[in-house]
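Notes follow once the structure below has been shown.
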Amino acid sequence: MHLLRKLMLCIGASLVLLASGAQASNTFYAASDRFGYTGTVSVYNTVRDALARKNPRYVQIAVPQRDGSVFVVRDHPDYYLDYNALLTNWFSNGGANPSDTNVGFLQLADDNVSTWTQRQGLWHNNLQSFTVSVKGKDATYGPPGDEMDFARFWNAGAPSGPGESTKGTFLTYEYSLTAHGLNGADPDGDGFFTNTTDATSFTGSFSAIFRNESVTSPASNGFYVIDLQFNSVSWADANDPFTLPDEFGSSQVTGRK
């Protein structure tokens with residue numbers, strides 16, 4: 001595993017401050033800095049309104065195109081400890097990335113996997129595509145909840161501010177990312193398949209209800225209903241020669257026993 005991936009998840013951007021569930025899961029890892037996302041966010045005054053999608057403060061504000069990064073590990077200590085992170089790839093090119101801004105910013109970084117409730121990483125039976133999917137809840141930003149969680153999302157509709165204005169808790173979240181155009185192989189013959197080529201495209205989505213908990217920007221407080229779609233547009237992949245290769249591996253292949 002590239003240690004640089006871990007380092008990038010542990011340090012802050014220029015504008016940034018950022019458990020195991022009961023369900024058993026397969027052994028896998030998924031790491032990529034080569035995809036992007038866009039979508040919408042609506043803002044509500046109460047969690048009840050957010051759940052019912054009623055009485056919005058702001059409706060479907062556009063989330064602009066941003067670079068994404070995923071780093072998820074489940075039960076594979078030879079690669080890295082269990083980890084759960086999906087976030088904006090602000091850090092490529094030494095942080096000189098157009099995505100290094102609070103606008104459209106996403107950060108779900110769960111260092112001790114205390115928030116996921118379901119997780120799976122698997123190959124599809126042609127070994128040319130790989131899907132990582134995670135569900136979770138109560139991913140917050142540091143104490144008093146969990147000092148290993150660093151949750152942020154763009155405070156759309158509120159005045160711009162420092163990273164603190166975007167911190168809070170993902171009350172619920174769910175994401176699924178599929179990498180296409182891969183070539184999976186099992187060189188060791190141990191039933192664990194890894195990619196030998198980078199993905200040619202990405203699809204999938206992220207949805208969540210995020211509670212903004214900023215102290216310095218009370219105008220940012222509220223409940224943000226987030227709907228993002230993953231795509232294959234990546235400024236980092238096109239402009240940073242040091243963008244790391246994709247890394248996907250799993251012991252599970254659909255259609256095989």
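Every chain in the structure tokens has a letter given in the order shown (A, B, ...), and although residue numbers restart at 1 in each chain, ligands are simply numbered from 1 in the order shown.
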Shell of 8 Å around Gly168 of chain A, only C-alpha atoms, local chain residues under 4 positions omitted, as a PyMOL selection string | chain A and resi 140-141+151-153+210-214
Contact residues around Ser234 of chain A with only C-alpha atoms at 12 Å, ignoring same-chain residues under 2 positions, as number ranges by chain = A: 32-38, 65-69, 88-90, 92, 97-99, 200-202, 230-232, 236-240, 243
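Distances here use only C-alpha atoms; by that measure, the residue among A:Pro241, A:Gly121, A:Pro56, A:Gly222 closest to His76 of chain A is A:Gly121.
Using only C-alpha atoms, the nearest neighbour of Ala185 of chain A within the list A:Thr169, A:Thr46, A:Ser220, A:Gln128 is A:Gln128.
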What are the closest atom pairs, with distances in Å to one decimal, for all residues of segment 138-222 of chain A lying within 12 Å of segment 78-84 of chain A? Consider only C-alpha atoms, order rows by chain and residue number, and present the result as JSON lines.
```
{"residue": "A:Ala139", "atom": "CA", "partner": "A:Asn84", "partner_atom": "CA", "distance": 10.5}
{"residue": "A:Met148", "atom": "CA", "partner": "A:Tyr83", "partner_atom": "CA", "distance": 10.6}
{"residue": "A:Asp149", "atom": "CA", "partner": "A:Asn84", "partner_atom": "CA", "distance": 9.7}
{"residue": "A:Phe150", "atom": "CA", "partner": "A:Asn84", "partner_atom": "CA", "distance": 11.0}
{"residue": "A:Ala151", "atom": "CA", "partner": "A:Asn84", "partner_atom": "CA", "distance": 11.7}
{"residue": "A:Glu174", "atom": "CA", "partner": "A:Asn84", "partner_atom": "CA", "distance": 11.8}
{"residue": "A:Tyr175", "atom": "CA", "partner": "A:Asn84", "partner_atom": "CA", "distance": 11.2}
{"residue": "A:Thr194", "atom": "CA", "partner": "A:Tyr79", "partner_atom": "CA", "distance": 11.7}
```
Write a file of the just-selected residues containing C-alpha atoms, as a PDB file, in the first residue's frame.
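Heads up, here's the output in part_21.pdb:
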```pdb
ATOM      1  CA  ALA A 139     -19.595  10.035  11.425  1.00  0.00           C
ATOM      2  CA  MET A 148     -10.820   9.420  14.930  1.00  0.00           C
ATOM      3  CA  ASP A 149     -13.623  10.814  12.744  1.00  0.00           C
ATOM      4  CA  PHE A 150     -13.299  13.930  10.596  1.00  0.00           C
ATOM      5  CA  ALA A 151     -16.540  14.863   8.870  1.00  0.00           C
ATOM      6  CA  GLU A 174     -24.160   5.566   1.823  1.00  0.00           C
ATOM      7  CA  TYR A 175     -21.846   5.284  -1.152  1.00  0.00           C
ATOM      8  CA  THR A 194      -6.000  -7.558  -7.465  1.00  0.00           C
TER       9      THR A 194
END
```
Which of segment 25-208 of chain A fall in alpha helix (DSSP H), as a PyMOL selection string | chain A and resi 47-52
Using only N, CA and C atoms, please write the residues we just selected to a file, as a PDB file, in the first residue's frame.
```
ATOM      1  N   VAL A  47     -34.096  18.029  11.243  1.00  0.00           N
ATOM      2  CA  VAL A  47     -33.858  16.703  10.695  1.00  0.00           C
ATOM      3  C   VAL A  47     -35.160  16.083  10.208  1.00  0.00           C
ATOM      4  N   ARG A  48     -36.273  16.426  10.859  1.00  0.00           N
ATOM      5  CA  ARG A  48     -37.560  15.914  10.403  1.00  0.00           C
ATOM      6  C   ARG A  48     -37.879  16.404   8.999  1.00  0.00           C
ATOM      7  N   ASP A  49     -37.657  17.673   8.756  1.00  0.00           N
ATOM      8  CA  ASP A  49     -37.888  18.208   7.410  1.00  0.00           C
ATOM      9  C   ASP A  49     -36.925  17.588   6.401  1.00  0.00           C
ATOM     10  N   ALA A  50     -35.686  17.364   6.819  1.00  0.00           N
ATOM     11  CA  ALA A  50     -34.707  16.758   5.917  1.00  0.00           C
ATOM     12  C   ALA A  50     -35.126  15.345   5.523  1.00  0.00           C
ATOM     13  N   LEU A  51     -35.601  14.580   6.489  1.00  0.00           N
ATOM     14  CA  LEU A  51     -36.042  13.218   6.202  1.00  0.00           C
ATOM     15  C   LEU A  51     -37.263  13.211   5.295  1.00  0.00           C
ATOM     16  N   ALA A  52     -38.163  14.185   5.497  1.00  0.00           N
ATOM     17  CA  ALA A  52     -39.389  14.254   4.711  1.00  0.00           C
ATOM     18  C   ALA A  52     -39.219  15.040   3.417  1.00  0.00           C
TER      19      ALA A  52
END
```
From segment 63-255 of chain A, collect each residue whose DSSP state is strand (DSSP E) and return the set as a PDB file with C-alpha atoms, in the first residue's frame.
```pdb
ATOM      1  CA  VAL A  63     -22.284  20.813  -6.288  1.00  0.00           C
ATOM      2  CA  PRO A  64     -19.617  21.654  -8.898  1.00  0.00           C
ATOM      3  CA  GLN A  65     -17.262  19.144 -10.449  1.00  0.00           C
ATOM      4  CA  ARG A  66     -14.670  18.085  -7.901  1.00  0.00           C
ATOM      5  CA  ASP A  67     -11.933  15.469  -7.731  1.00  0.00           C
ATOM      6  CA  GLY A  68     -12.606  12.503  -5.455  1.00  0.00           C
ATOM      7  CA  SER A  69     -10.545  10.083  -3.406  1.00  0.00           C
ATOM      8  CA  VAL A  70     -11.467   6.779  -1.783  1.00  0.00           C
ATOM      9  CA  PHE A  71      -9.474   4.668   0.657  1.00  0.00           C
ATOM     10  CA  VAL A  72     -11.294   1.712   2.200  1.00  0.00           C
ATOM     11  CA  VAL A  73      -9.749  -1.372   3.798  1.00  0.00           C
ATOM     12  CA  ARG A  74     -11.517  -4.315   5.367  1.00  0.00           C
ATOM     13  CA  TYR A  83     -10.092   2.281   7.161  1.00  0.00           C
ATOM     14  CA  ASN A  84     -13.074   4.136   5.697  1.00  0.00           C
ATOM     15  CA  ALA A  85     -12.527   7.363   3.801  1.00  0.00           C
ATOM     16  CA  LEU A  86     -14.293   9.093   0.941  1.00  0.00           C
ATOM     17  CA  LEU A  87     -13.300  12.694   0.374  1.00  0.00           C
ATOM     18  CA  THR A  88     -12.386  15.463  -2.010  1.00  0.00           C
ATOM     19  CA  LEU A 106     -16.665  16.480   1.004  1.00  0.00           C
ATOM     20  CA  GLN A 107     -14.774  14.771   3.799  1.00  0.00           C
ATOM     21  CA  LEU A 108     -15.815  11.485   5.349  1.00  0.00           C
ATOM     22  CA  ALA A 109     -12.709  10.192   7.109  1.00  0.00           C
ATOM     23  CA  ASP A 110     -13.351   7.433   9.630  1.00  0.00           C
ATOM     24  CA  TRP A 116     -19.788   1.917   9.074  1.00  0.00           C
ATOM     25  CA  THR A 117     -22.665  -0.524   9.400  1.00  0.00           C
ATOM     26  CA  GLN A 118     -22.311  -2.305   6.046  1.00  0.00           C
ATOM     27  CA  ARG A 119     -19.312  -2.625   3.761  1.00  0.00           C
ATOM     28  CA  GLN A 120     -18.380  -4.711   0.766  1.00  0.00           C
ATOM     29  CA  GLY A 121     -15.732  -4.786  -1.917  1.00  0.00           C
ATOM     30  CA  LEU A 122     -16.030  -7.251  -4.763  1.00  0.00           C
ATOM     31  CA  TRP A 123     -15.088  -8.103  -8.295  1.00  0.00           C
ATOM     32  CA  SER A 129     -14.957  -4.089 -12.799  1.00  0.00           C
ATOM     33  CA  PHE A 130     -14.835  -3.651  -9.034  1.00  0.00           C
ATOM     34  CA  THR A 131     -17.416  -2.177  -6.654  1.00  0.00           C
ATOM     35  CA  VAL A 132     -16.850  -0.861  -3.160  1.00  0.00           C
ATOM     36  CA  SER A 133     -19.988   0.003  -1.183  1.00  0.00           C
ATOM     37  CA  VAL A 134     -20.359   1.312   2.364  1.00  0.00           C
ATOM     38  CA  LYS A 135     -23.228   2.378   4.591  1.00  0.00           C
ATOM     39  CA  GLY A 136     -22.838   4.099   7.940  1.00  0.00           C
ATOM     40  CA  LYS A 137     -24.074   6.602  10.474  1.00  0.00           C
ATOM     41  CA  ASP A 138     -22.929   9.171  13.029  1.00  0.00           C
ATOM     42  CA  ALA A 139     -19.595  10.035  11.425  1.00  0.00           C
ATOM     43  CA  ASP A 149     -13.623  10.814  12.744  1.00  0.00           C
ATOM     44  CA  PHE A 150     -13.299  13.930  10.596  1.00  0.00           C
ATOM     45  CA  ALA A 151     -16.540  14.863   8.870  1.00  0.00           C
ATOM     46  CA  ARG A 152     -17.054  17.961   6.741  1.00  0.00           C
ATOM     47  CA  PHE A 153     -19.300  19.131   3.955  1.00  0.00           C
ATOM     48  CA  GLY A 168     -20.423  18.413  11.486  1.00  0.00           C
ATOM     49  CA  THR A 169     -21.844  14.898  11.493  1.00  0.00           C
ATOM     50  CA  PHE A 170     -23.006  12.584   8.721  1.00  0.00           C
ATOM     51  CA  LEU A 171     -26.114  11.274  10.494  1.00  0.00           C
ATOM     52  CA  THR A 172     -26.488   8.704   7.728  1.00  0.00           C
ATOM     53  CA  TYR A 173     -24.400   8.061   4.638  1.00  0.00           C
ATOM     54  CA  GLU A 174     -24.160   5.566   1.823  1.00  0.00           C
ATOM     55  CA  TYR A 175     -21.846   5.284  -1.152  1.00  0.00           C
ATOM     56  CA  SER A 176     -21.090   2.867  -3.953  1.00  0.00           C
ATOM     57  CA  LEU A 177     -18.221   3.341  -6.397  1.00  0.00           C
ATOM     58  CA  THR A 178     -17.606   1.054  -9.383  1.00  0.00           C
ATOM     59  CA  ALA A 179     -14.328   1.115 -11.280  1.00  0.00           C
ATOM     60  CA  HIS A 180     -14.597  -0.153 -14.858  1.00  0.00           C
ATOM     61  CA  GLY A 184      -8.149  -8.606 -12.105  1.00  0.00           C
ATOM     62  CA  ALA A 185      -5.643 -11.369 -11.437  1.00  0.00           C
ATOM     63  CA  PHE A 193      -7.719 -10.898  -6.842  1.00  0.00           C
ATOM     64  CA  THR A 194      -6.000  -7.558  -7.465  1.00  0.00           C
ATOM     65  CA  ASN A 195      -6.056  -5.129 -10.391  1.00  0.00           C
ATOM     66  CA  SER A 201     -14.045   4.931 -15.977  1.00  0.00           C
ATOM     67  CA  PHE A 202     -16.012   5.262 -12.745  1.00  0.00           C
ATOM     68  CA  THR A 203     -19.695   5.267 -11.824  1.00  0.00           C
ATOM     69  CA  GLY A 204     -21.655   5.326  -8.592  1.00  0.00           C
ATOM     70  CA  SER A 205     -23.190   7.648  -6.037  1.00  0.00           C
ATOM     71  CA  PHE A 206     -23.007   9.090  -2.534  1.00  0.00           C
ATOM     72  CA  SER A 207     -26.013  10.120  -0.456  1.00  0.00           C
ATOM     73  CA  ALA A 208     -26.152  11.445   3.085  1.00  0.00           C
ATOM     74  CA  ILE A 209     -27.817  13.645   5.656  1.00  0.00           C
ATOM     75  CA  PHE A 210     -25.211  15.944   7.176  1.00  0.00           C
ATOM     76  CA  ARG A 211     -25.769  18.090  10.275  1.00  0.00           C
ATOM     77  CA  ASN A 212     -23.606  21.205  10.227  1.00  0.00           C
ATOM     78  CA  GLY A 222     -28.777  22.987   9.463  1.00  0.00           C
ATOM     79  CA  PHE A 223     -29.360  19.626   7.848  1.00  0.00           C
ATOM     80  CA  TYR A 224     -27.893  19.051   4.394  1.00  0.00           C
ATOM     81  CA  VAL A 225     -29.375  16.380   2.136  1.00  0.00           C
ATOM     82  CA  ILE A 226     -26.574  15.395  -0.225  1.00  0.00           C
ATOM     83  CA  ASP A 227     -26.851  13.536  -3.532  1.00  0.00           C
ATOM     84  CA  LEU A 228     -23.631  13.087  -5.495  1.00  0.00           C
ATOM     85  CA  GLN A 229     -22.796  11.105  -8.617  1.00  0.00           C
ATOM     86  CA  PHE A 230     -19.322   9.775  -9.347  1.00  0.00           C
ATOM     87  CA  ASN A 231     -17.794  10.223 -12.776  1.00  0.00           C
ATOM     88  CA  GLU A 247      -5.483  -0.282  -6.074  1.00  0.00           C
ATOM     89  CA  PHE A 248      -8.398  -2.719  -5.835  1.00  0.00           C
ATOM     90  CA  GLY A 249      -8.369  -6.147  -4.263  1.00  0.00           C
ATOM     91  CA  SER A 250     -10.940  -8.615  -2.963  1.00  0.00           C
TER      92      SER A 250
END
```
Computed interatomic separation between atom CA of Phe192 of chain A and atom CA of Tyr29 of chain A (Å) |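 Between atom CA of Phe192 of chain A and atom CA of Tyr29 of chain A the gap is 10.7 Å.
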Looking at only C-alpha atoms, which of A:Pro162, A:Gly157, A:Pro187, A:Gly142 is the one that sits closest to Thr101 of chain A?
->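 Of A:Pro162, A:Gly157, A:Pro187, A:Gly142, the one nearest Thr101 of chain A is A:Pro162, counting only C-alpha atoms.
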Using atom CA of Ser165 of chain A and atom CA of Ala219 of chain A as the two end points, give the distance in Å to one decimal.
->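 Interatomic distance, atom CA of Ser165 of chain A to atom CA of Ala219 of chain A: 9.0 Å.
The space between atom CA of Leu182 of chain A and atom CA of Val253 of chain A spans 13.6 Å.
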